[in-house]
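One structure is given below, encoded as structure tokens.
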Amino acid sequence: RLIRRGARLAEYMNAPLYVLYVNNPDHSLKKEEATYIEKCRLIGRELHSEFLEVCGDNVAQEIAHVVNSYRITQIMFGQTHRSLWQK
């Protein structure tokens with residue numbers, strides 16, 4: 001949903017869409033997480049976005065680096081849905 005909303009915003013602004021995933025080298029992905037990321041990659045491809053995957057343990061620093069490198073002006077953040085029990 002978030003990627004589709006971002007695509008609509010990018011289209012409205014006549015701007016490119018980037019989908020960013022920050023891979024933490026200290027955290028190995030579970031099968032469900034890897035499947036979710038691949039699904040995001042495919043949705044992004046359908047919506048003509050560029051999927052960026054960077055590796056780092058400081059998520060904020062990696063996001064700031066990509067924002068500066070690509071001169072990004074609008075950012076939408078999302079997180080996986082977790083139940084109250086998981087939180």
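Letters A, B, ... go to the chains of the structure tokens in the order shown; residues in each chain start at 1; ligands are counted from 1 in the same order.
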DSSP alpha helix (DSSP H) selection over chain A, as a PyMOL selection string: chain A and resi 2-13+31-46+59-70
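Omitting range 19-32 of chain A and its sequence neighbours fewer than 4 positions away, and counting only C-alpha atoms, the residues within 6 Å are Phe51, Leu52, Glu53, Val54, Cys55, Gly56 and Asp57 of chain A.
The strand (DSSP E or B) portion of chain A consists of Tyr18, Val19, Leu20, Tyr21, Val22, Asn23, Glu50, Phe51, Leu52, Glu53, Val54 and Cys55 of chain A, with states taken from DSSP on the backbone.
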Could those residues be written to a file, using N, CA and C atoms, as a PDB file, in the first residue's frame?
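File produced: selection.pdb:
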ATOM      1  N   TYR A  18      11.763   5.962  -5.719  1.00  0.00           N
ATOM      2  CA  TYR A  18      12.779   5.043  -5.222  1.00  0.00           C
ATOM      3  C   TYR A  18      12.189   4.272  -4.055  1.00  0.00           C
ATOM      4  N   VAL A  19      12.415   2.979  -4.042  1.00  0.00           N
ATOM      5  CA  VAL A  19      12.024   2.129  -2.928  1.00  0.00           C
ATOM      6  C   VAL A  19      13.326   1.680  -2.275  1.00  0.00           C
ATOM      7  N   LEU A  20      13.487   1.997  -0.998  1.00  0.00           N
ATOM      8  CA  LEU A  20      14.740   1.730  -0.311  1.00  0.00           C
ATOM      9  C   LEU A  20      14.563   0.655   0.757  1.00  0.00           C
ATOM     10  N   TYR A  21      15.504  -0.280   0.753  1.00  0.00           N
ATOM     11  CA  TYR A  21      15.564  -1.287   1.805  1.00  0.00           C
ATOM     12  C   TYR A  21      16.956  -1.235   2.409  1.00  0.00           C
ATOM     13  N   VAL A  22      17.025  -1.051   3.729  1.00  0.00           N
ATOM     14  CA  VAL A  22      18.300  -1.041   4.440  1.00  0.00           C
ATOM     15  C   VAL A  22      18.493  -2.414   5.062  1.00  0.00           C
ATOM     16  N   ASN A  23      19.473  -3.117   4.557  1.00  0.00           N
ATOM     17  CA  ASN A  23      19.774  -4.478   5.017  1.00  0.00           C
ATOM     18  C   ASN A  23      20.774  -4.393   6.167  1.00  0.00           C
ATOM     19  N   GLU A  50      12.747   2.590  -8.845  1.00  0.00           N
ATOM     20  CA  GLU A  50      14.078   2.022  -8.721  1.00  0.00           C
ATOM     21  C   GLU A  50      14.207   1.474  -7.307  1.00  0.00           C
ATOM     22  N   PHE A  51      14.483   0.191  -7.186  1.00  0.00           N
ATOM     23  CA  PHE A  51      14.621  -0.444  -5.884  1.00  0.00           C
ATOM     24  C   PHE A  51      16.076  -0.326  -5.461  1.00  0.00           C
ATOM     25  N   LEU A  52      16.298   0.306  -4.321  1.00  0.00           N
ATOM     26  CA  LEU A  52      17.645   0.488  -3.795  1.00  0.00           C
ATOM     27  C   LEU A  52      17.810  -0.364  -2.550  1.00  0.00           C
ATOM     28  N   GLU A  53      18.867  -1.139  -2.512  1.00  0.00           N
ATOM     29  CA  GLU A  53      19.172  -1.926  -1.320  1.00  0.00           C
ATOM     30  C   GLU A  53      20.569  -1.541  -0.858  1.00  0.00           C
ATOM     31  N   VAL A  54      20.646  -1.031   0.359  1.00  0.00           N
ATOM     32  CA  VAL A  54      21.936  -0.676   0.943  1.00  0.00           C
ATOM     33  C   VAL A  54      22.140  -1.517   2.194  1.00  0.00           C
ATOM     34  N   CYS A  55      23.382  -1.655   2.585  1.00  0.00           N
ATOM     35  CA  CYS A  55      23.716  -2.478   3.730  1.00  0.00           C
ATOM     36  C   CYS A  55      24.363  -1.610   4.798  1.00  0.00           C
TER      37      CYS A  55
END
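For the atom pair formed by CA of Ile72 in chain A and CA of Leu47 in chain A, the distance is 17.9 Å, given to one decimal.
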Straight-line distance linking CA of Met13 in chain A with CA of Phe77 in chain A, stated in Å to one decimal: 17.9 Å
Shell of 12 Å around Ile3 in chain A, only C-alpha atoms, local chain residues under 6 positions omitted, as a list in words: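 Listing them by chain and then by number gives Leu9, Ala10, Leu17, Tyr18, Val19, Leu20, Ile37, Lys39, Cys40, Arg41, Leu42, Ile43, Gly44, Arg45, Glu46, Leu47, His48, Ser49, Glu50, Phe51, Ile75, Met76, Phe77, Gly78 and Gln79 of chain A.
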Expected file: the selected residues, N, CA and C atoms, as a short mmCIF file (atom, residue, chain, number, x, y, z; two decimals), in the first residue's frame:
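Wrote it out as selection_36.cif, contents follow:
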data_model
loop_
_atom_site.label_atom_id
_atom_site.label_comp_id
_atom_site.auth_asym_id
_atom_site.auth_seq_id
_atom_site.Cartn_x
_atom_site.Cartn_y
_atom_site.Cartn_z
N LEU A 9 2.06 9.72 -5.56
CA LEU A 9 2.66 11.01 -5.20
C LEU A 9 3.77 11.37 -6.20
N ALA A 10 4.62 10.40 -6.55
CA ALA A 10 5.70 10.65 -7.50
C ALA A 10 5.15 11.02 -8.87
N LEU A 17 10.52 7.56 -8.53
CA LEU A 17 10.17 6.86 -7.30
C LEU A 17 11.29 5.89 -6.96
N TYR A 18 11.76 5.96 -5.72
CA TYR A 18 12.78 5.04 -5.22
C TYR A 18 12.19 4.27 -4.05
N VAL A 19 12.41 2.98 -4.04
CA VAL A 19 12.02 2.13 -2.93
C VAL A 19 13.33 1.68 -2.27
N LEU A 20 13.49 2.00 -1.00
CA LEU A 20 14.74 1.73 -0.31
C LEU A 20 14.56 0.65 0.76
N ILE A 37 10.10 -8.57 1.18
CA ILE A 37 10.99 -7.64 0.50
C ILE A 37 10.96 -7.89 -1.01
N LYS A 39 8.48 -9.11 -2.66
CA LYS A 39 7.18 -8.62 -3.13
C LYS A 39 7.22 -7.11 -3.31
N CYS A 40 7.87 -6.41 -2.39
CA CYS A 40 8.02 -4.95 -2.52
C CYS A 40 8.82 -4.61 -3.76
N ARG A 41 9.87 -5.40 -4.02
CA ARG A 41 10.70 -5.17 -5.21
C ARG A 41 9.86 -5.33 -6.48
N LEU A 42 9.02 -6.36 -6.52
CA LEU A 42 8.19 -6.61 -7.70
C LEU A 42 7.13 -5.53 -7.89
N ILE A 43 6.50 -5.11 -6.80
CA ILE A 43 5.51 -4.04 -6.88
C ILE A 43 6.18 -2.76 -7.38
N GLY A 44 7.37 -2.48 -6.85
CA GLY A 44 8.11 -1.31 -7.30
C GLY A 44 8.43 -1.37 -8.78
N ARG A 45 8.80 -2.56 -9.25
CA ARG A 45 9.10 -2.73 -10.68
C ARG A 45 7.85 -2.47 -11.52
N GLU A 46 6.70 -2.97 -11.07
CA GLU A 46 5.44 -2.72 -11.78
C GLU A 46 5.14 -1.23 -11.88
N LEU A 47 5.52 -0.50 -10.84
CA LEU A 47 5.22 0.94 -10.79
C LEU A 47 6.38 1.80 -11.28
N HIS A 48 7.33 1.17 -11.96
CA HIS A 48 8.46 1.85 -12.60
C HIS A 48 9.33 2.60 -11.59
N SER A 49 9.55 2.00 -10.44
CA SER A 49 10.43 2.62 -9.44
C SER A 49 11.81 1.98 -9.53
N GLU A 50 12.75 2.59 -8.84
CA GLU A 50 14.08 2.02 -8.72
C GLU A 50 14.21 1.47 -7.31
N PHE A 51 14.48 0.19 -7.19
CA PHE A 51 14.62 -0.44 -5.88
C PHE A 51 16.08 -0.33 -5.46
N ILE A 75 9.97 11.93 1.46
CA ILE A 75 10.22 10.58 1.98
C ILE A 75 8.93 10.05 2.62
N MET A 76 8.63 8.80 2.35
CA MET A 76 7.52 8.11 3.02
C MET A 76 8.12 6.93 3.75
N PHE A 77 7.82 6.79 5.01
CA PHE A 77 8.34 5.69 5.81
C PHE A 77 7.25 4.67 6.08
N GLY A 78 7.65 3.42 6.13
CA GLY A 78 6.71 2.36 6.46
C GLY A 78 7.40 1.34 7.34
N GLN A 79 6.60 0.53 7.96
CA GLN A 79 7.14 -0.55 8.77
C GLN A 79 6.24 -1.75 8.62
#
CA of Arg5 in chain A to CA of Ala34 in chain A, distance in Å rounded to a single decimal: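 Value for the CA of Arg5 in chain A-CA of Ala34 in chain A distance: 21.9 Å.
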